[in-house]
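Here the structure comes first, spelled out in structure tokens, and everything after it is commentary.
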Amino acid sequence: MESQKKYKSRFSFEFFPPKTDVGVQKLKVVREQLAEKNPAFFSVTYGAGGSTRDRTVDTVLDIQKSTGISTAPHLSCVGDSREQLRELIQHYKKNGIERIVTLRGDLPSGMGASSGELKYASDLVAFIREETGDHFHLEVAAYPEMHPQAASMDADLLAFKAKVDAGASSAITQYFYSVDSYKFFVDSCEKMGIDIPLVVGIMPITNHDNLMRFSNMCGAEIPRWIRTRIENHSTDLDYITKFGEEVVTGLCEQLLDLGAPGFHFYTLNQTEPSLSIWNNLDLSNR
Ligand code: FAD
């Protein structure tokens, strides 16, 4: 874990681009509340294949302009052509965007198997570097518990190294609830000579069904003791919120003690769950 301790801590929040007017108004309130914490940046997800292209662009530019906080679009290559990606990247550059969360993405079911011109996130990192040099800080995804489609943990680590070698600046992990998975991942990266900040993606626990659904999709393991408790209280949102806050605050405390260089909160466009963990840890003063 030694390599991570030299990085300055950074804390950020992720949103999705709202679909409805009500969602847009709600996100305006959420981002104002979270902006008060002066995070390192906000980020806005992207529907692979371009399904949220305009909404992601509008949301990113609007948040950066209205809060003054650096805002990063997520951008995936699956299903998009080089030309579409080039246009979007240049549009972001022209509009003062300086960071991109660079991904392969997963096409929504029903969009066929078309995979676009760039196959992997490492290809997209290389493409953005070719097009815009060092202009962007490029974040990539990391999977301490292994990406669900990877042939093996070793193959996934090599794929991760390919993104770093292509020019990634730092990484954000898939969420997890086992500190050891992160510790072993960081140690493996160190042995492979990977030396970029490995920031931890944090998913607050607030709802049984949503957490199970997301975790089944992305391969995040929910330890049995956590699953059992939230299953037993699946309709008691107060219990889950309180229990989830305690569990995730404890997880973050252990990660900070180990030397994790920061957290990226998957807010799901809600203020309270991420904010209470932030306040419990006094992240504004770290
Ligand atoms: P890659 O790094 O390309 O890896 C994908 C798979 O291919 C892995 O199994 C890897 O081991 C394998 N692989 C990579 N390179 C090679 C190679 N050269 N040869 C063989 N195998 C290889 N999804 C969205 O659609 N929109 C979002 O906004 C979004 N935001 C995310 C943010 C974060 C922080 C994270 C962690 C994930 C996010 N995702 C998002 C999900 C992500 O798109 C999926 O996990 C996707 O399946 C993989 O994307 P990747 O960038 O990790 O792909």
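In the structure tokens, each chain is lettered A, B, ... as it comes, each chain's residues begin at 1, and ligands are numbered from 1 in order of appearance.
The protein and nucleic acid residues lying at most 9 Å from Glu245 in chain A are Pro204, Ile205, Thr206, Pro273, Ser274, Ser276 and Ile277 of chain A, with only C-alpha atoms considered and sequence neighbours fewer than 6 positions away removed.
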Quick one: which chain A residues come within 8 Å of ligand 1, and what is the nearest atom pair for each with the distance in Å to one decimal, counting only C-alpha atoms and all ligand atoms, rows ordered by chain and ascending number, as CSV?
```
residue,atom,partner,partner_atom_place_in_ligand_line,distance
A:Phe16,CA,ligand 1,28 (O),7.8
A:Val44,CA,ligand 1,28 (O),6.8
A:Thr45,CA,ligand 1,28 (O),3.4
A:Tyr46,CA,ligand 1,28 (O),4.0
A:Gly47,CA,ligand 1,25 (O),4.9
A:Ala48,CA,ligand 1,25 (O),4.3
A:Pro73,CA,ligand 1,28 (O),7.9
A:His74,CA,ligand 1,28 (O),4.8
A:Leu75,CA,ligand 1,28 (O),6.5
A:Ser76,CA,ligand 1,26 (N),6.4
A:Val101,CA,ligand 1,32 (C),6.9
A:Thr102,CA,ligand 1,51 (O),6.4
A:Leu103,CA,ligand 1,51 (O),3.2
A:Arg104,CA,ligand 1,51 (O),3.9
A:Gly105,CA,ligand 1,43 (O),3.0
A:Asp106,CA,ligand 1,25 (O),5.0
A:Leu107,CA,ligand 1,25 (O),6.9
A:Lys119,CA,ligand 1,3 (O),6.9
A:Tyr120,CA,ligand 1,3 (O),3.5
A:Ala121,CA,ligand 1,3 (O),3.8
A:Ser122,CA,ligand 1,3 (O),6.1
A:Asp123,CA,ligand 1,3 (O),7.9
A:Val140,CA,ligand 1,51 (O),6.4
A:Ala141,CA,ligand 1,36 (C),4.2
A:Ala142,CA,ligand 1,36 (C),5.8
A:Tyr143,CA,ligand 1,36 (C),6.8
A:Met146,CA,ligand 1,9 (O),7.6
A:His147,CA,ligand 1,9 (O),4.8
A:Pro148,CA,ligand 1,9 (O),6.2
A:Gln149,CA,ligand 1,9 (O),4.2
A:Ala150,CA,ligand 1,9 (O),3.4
A:Ala151,CA,ligand 1,11 (O),6.8
A:Ser152,CA,ligand 1,11 (O),7.7
A:Met153,CA,ligand 1,11 (O),8.0
A:Ala155,CA,ligand 1,11 (O),5.8
A:Asp156,CA,ligand 1,11 (O),3.7
A:Leu157,CA,ligand 1,11 (O),7.1
A:Leu158,CA,ligand 1,11 (O),7.5
A:Ala159,CA,ligand 1,15 (N),4.3
A:Phe160,CA,ligand 1,2 (O),6.1
A:Ala162,CA,ligand 1,15 (N),7.1
A:Lys163,CA,ligand 1,2 (O),6.9
A:Ala171,CA,ligand 1,34 (C),7.6
A:Ile172,CA,ligand 1,34 (C),4.8
A:Thr173,CA,ligand 1,36 (C),5.0
A:Gln174,CA,ligand 1,36 (C),3.9
A:Tyr175,CA,ligand 1,36 (C),7.3
A:Gly201,CA,ligand 1,34 (C),6.3
A:Cys218,CA,ligand 1,45 (O),6.3
A:His264,CA,ligand 1,34 (C),7.9
```
Please list as a PyMOL selection string every residue within 10 Å of Ser9 in chain A, counting only C-alpha atoms and excluding residues in the same chain fewer than 3 positions away. chain A and resi 4-6+40+197+199+256+259-263+283+286
Those residues with N, CA and C atoms, as a PDB file, in the first residue's frame please?
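Result file out_7.pdb:
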```
ATOM      1  N   GLN A   4       0.577   4.334  -2.504  1.00  0.00           N
ATOM      2  CA  GLN A   4      -0.596   5.220  -2.513  1.00  0.00           C
ATOM      3  C   GLN A   4      -0.484   6.381  -1.526  1.00  0.00           C
ATOM      4  N   LYS A   5       0.416   6.216  -0.543  1.00  0.00           N
ATOM      5  CA  LYS A   5       0.457   7.212   0.545  1.00  0.00           C
ATOM      6  C   LYS A   5       1.029   8.548   0.110  1.00  0.00           C
ATOM      7  N   LYS A   6       1.731   8.555  -1.023  1.00  0.00           N
ATOM      8  CA  LYS A   6       2.347   9.821  -1.448  1.00  0.00           C
ATOM      9  C   LYS A   6       1.341  10.755  -2.130  1.00  0.00           C
ATOM     10  N   ALA A  40     -13.182  17.636  -5.027  1.00  0.00           N
ATOM     11  CA  ALA A  40     -12.147  17.782  -6.073  1.00  0.00           C
ATOM     12  C   ALA A  40     -12.804  17.913  -7.441  1.00  0.00           C
ATOM     13  N   PRO A 197      -2.751   7.102  -8.677  1.00  0.00           N
ATOM     14  CA  PRO A 197      -3.690   7.026  -7.548  1.00  0.00           C
ATOM     15  C   PRO A 197      -4.823   6.035  -7.835  1.00  0.00           C
ATOM     16  N   VAL A 199      -8.130   5.474  -6.469  1.00  0.00           N
ATOM     17  CA  VAL A 199      -9.170   6.074  -5.625  1.00  0.00           C
ATOM     18  C   VAL A 199     -10.326   5.080  -5.490  1.00  0.00           C
ATOM     19  N   LEU A 256      -8.832   4.680   4.769  1.00  0.00           N
ATOM     20  CA  LEU A 256      -7.984   5.863   5.000  1.00  0.00           C
ATOM     21  C   LEU A 256      -6.761   5.471   5.830  1.00  0.00           C
ATOM     22  N   GLY A 259      -4.158   3.997   3.757  1.00  0.00           N
ATOM     23  CA  GLY A 259      -3.462   4.909   2.844  1.00  0.00           C
ATOM     24  C   GLY A 259      -4.184   5.128   1.526  1.00  0.00           C
ATOM     25  N   ALA A 260      -5.473   4.763   1.441  1.00  0.00           N
ATOM     26  CA  ALA A 260      -6.214   5.007   0.188  1.00  0.00           C
ATOM     27  C   ALA A 260      -6.189   6.510  -0.113  1.00  0.00           C
ATOM     28  N   PRO A 261      -5.945   6.881  -1.399  1.00  0.00           N
ATOM     29  CA  PRO A 261      -5.733   8.299  -1.718  1.00  0.00           C
ATOM     30  C   PRO A 261      -7.019   9.090  -1.975  1.00  0.00           C
ATOM     31  N   GLY A 262      -8.172   8.519  -1.679  1.00  0.00           N
ATOM     32  CA  GLY A 262      -9.391   9.306  -1.841  1.00  0.00           C
ATOM     33  C   GLY A 262     -10.599   8.430  -2.104  1.00  0.00           C
ATOM     34  N   PHE A 263     -11.756   9.086  -2.146  1.00  0.00           N
ATOM     35  CA  PHE A 263     -13.026   8.392  -2.397  1.00  0.00           C
ATOM     36  C   PHE A 263     -13.795   9.106  -3.497  1.00  0.00           C
ATOM     37  N   LEU A 283     -14.176  14.742   5.922  1.00  0.00           N
ATOM     38  CA  LEU A 283     -13.317  14.726   4.723  1.00  0.00           C
ATOM     39  C   LEU A 283     -12.903  16.121   4.273  1.00  0.00           C
ATOM     40  N   ARG A 286      -9.335  16.772   5.426  1.00  0.00           N
ATOM     41  CA  ARG A 286      -8.268  15.776   5.203  1.00  0.00           C
ATOM     42  C   ARG A 286      -7.381  16.191   4.048  1.00  0.00           C
TER      43      ARG A 286
END
```
Just asking: which residues within range 101-172 of chain A are alpha helix (DSSP H) according to DSSP, as a PyMOL selection string? chain A and resi 121-132+153-166
What lies within 8 Å of Met203 in chain A using only C-alpha atoms, ignoring chain neighbours under 4 positions off, as a list in words? Tyr175, Phe176, Phe265, Tyr266 and Thr267 of chain A
Can I get the selected residues back with C-alpha atoms, as an mmCIF file, in the first residue's frame?
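And here's part_23.cif as it stands now:
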```cif
data_model
loop_
_atom_site.group_PDB
_atom_site.id
_atom_site.type_symbol
_atom_site.label_atom_id
_atom_site.label_comp_id
_atom_site.auth_asym_id
_atom_site.auth_seq_id
_atom_site.Cartn_x
_atom_site.Cartn_y
_atom_site.Cartn_z
ATOM 1 C CA TYR A 175 -17.380 -0.392 -5.260
ATOM 2 C CA PHE A 176 -16.644 -3.168 -2.778
ATOM 3 C CA PHE A 265 -19.037 8.679 -4.072
ATOM 4 C CA TYR A 266 -21.669 7.042 -6.296
ATOM 5 C CA THR A 267 -24.405 9.411 -5.104
#
```
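A straight line drawn from CA of Phe13 in chain A to CA of Ile230 in chain A is 24.4 Å long.
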The distance between CA of Phe127 in chain A and CA of Ser170 in chain A is 16.7 Å
For Asn280 in chain A: contacts at 12 Å, only C-alpha atoms, fewer than 5 positions along chain excluded, given as a VMD selection string: chain A and resid 245 to 253 272 to 275 285
Kindly indicate which residue among A:Gly219, A:Gly79, A:Pro39, A:Gly193 lies nearest to Trp278 in chain A, using only C-alpha atoms for the distances.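 Ranked by minimum distance to Trp278 in chain A, first place goes to A:Pro39.
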Test item: residues at most 7 Å from Arg99 in chain A, only C-alpha atoms, excluding those fewer than 3 positions along its chain, as an MDAnalysis selection string: chainID A and resid 72 136:138
So that I have them on file, write out the residues from the current selection with N, CA and C atoms, as a JSON list (two decimals), in the first residue's frame.
```json
[["chain", "number", "residue", "atom", "x", "y", "z"],
["A", 72, "ALA", "N", -16.45, 16.27, -14.61],
["A", 72, "ALA", "CA", -15.89, 15.33, -15.59],
["A", 72, "ALA", "C", -17.00, 14.49, -16.22],
["A", 136, "PHE", "N", -6.33, 16.46, -21.02],
["A", 136, "PHE", "CA", -7.27, 15.90, -20.04],
["A", 136, "PHE", "C", -6.56, 15.06, -18.97],
["A", 137, "HIS", "N", -7.10, 15.17, -17.76],
["A", 137, "HIS", "CA", -6.77, 14.20, -16.71],
["A", 137, "HIS", "C", -7.70, 13.00, -16.98],
["A", 138, "LEU", "N", -7.12, 11.84, -17.26],
["A", 138, "LEU", "CA", -7.96, 10.68, -17.62],
["A", 138, "LEU", "C", -8.06, 9.70, -16.46]]
```
Measuring between only C-alpha atoms, which one of A:Asp62, A:Glu117, A:Thr71, A:Lys8 shows the shortest distance to Gln84 in chain A?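 Smallest separation from Gln84 in chain A among the options: A:Glu117.
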State, in Å with one decimal place, the distance from CA of Val78 in chain A to CA of Leu118 in chain A.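 Between these atoms lies a distance of 6.8 Å.
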Every residue of range 21-263 of chain A that DSSP places in strand (DSSP E or B), as a ChimeraX atom specification: /A:41-44,71-76,99-103,137-142,170-173,198-202,262-263
Best match for closeness to Arg53 in chain A among A:Met217, A:Ala126, A:Val24, A:Leu85, counting only C-alpha atoms: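 Closest to Arg53 in chain A, using only C-alpha atoms: A:Leu85.
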Just checking: using only C-alpha atoms, which residue out of A:Thr228, A:Ser70, A:Asn279, A:Ser215 ends up closest to Ile240 in chain A?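 Closest residue, counting only C-alpha atoms: A:Thr228.
Here the question is which of A:Glu98, A:Leu198, A:Gln64, A:Gln90 gets nearest to Glu2 in chain A using only C-alpha atoms, and that residue is A:Leu198.
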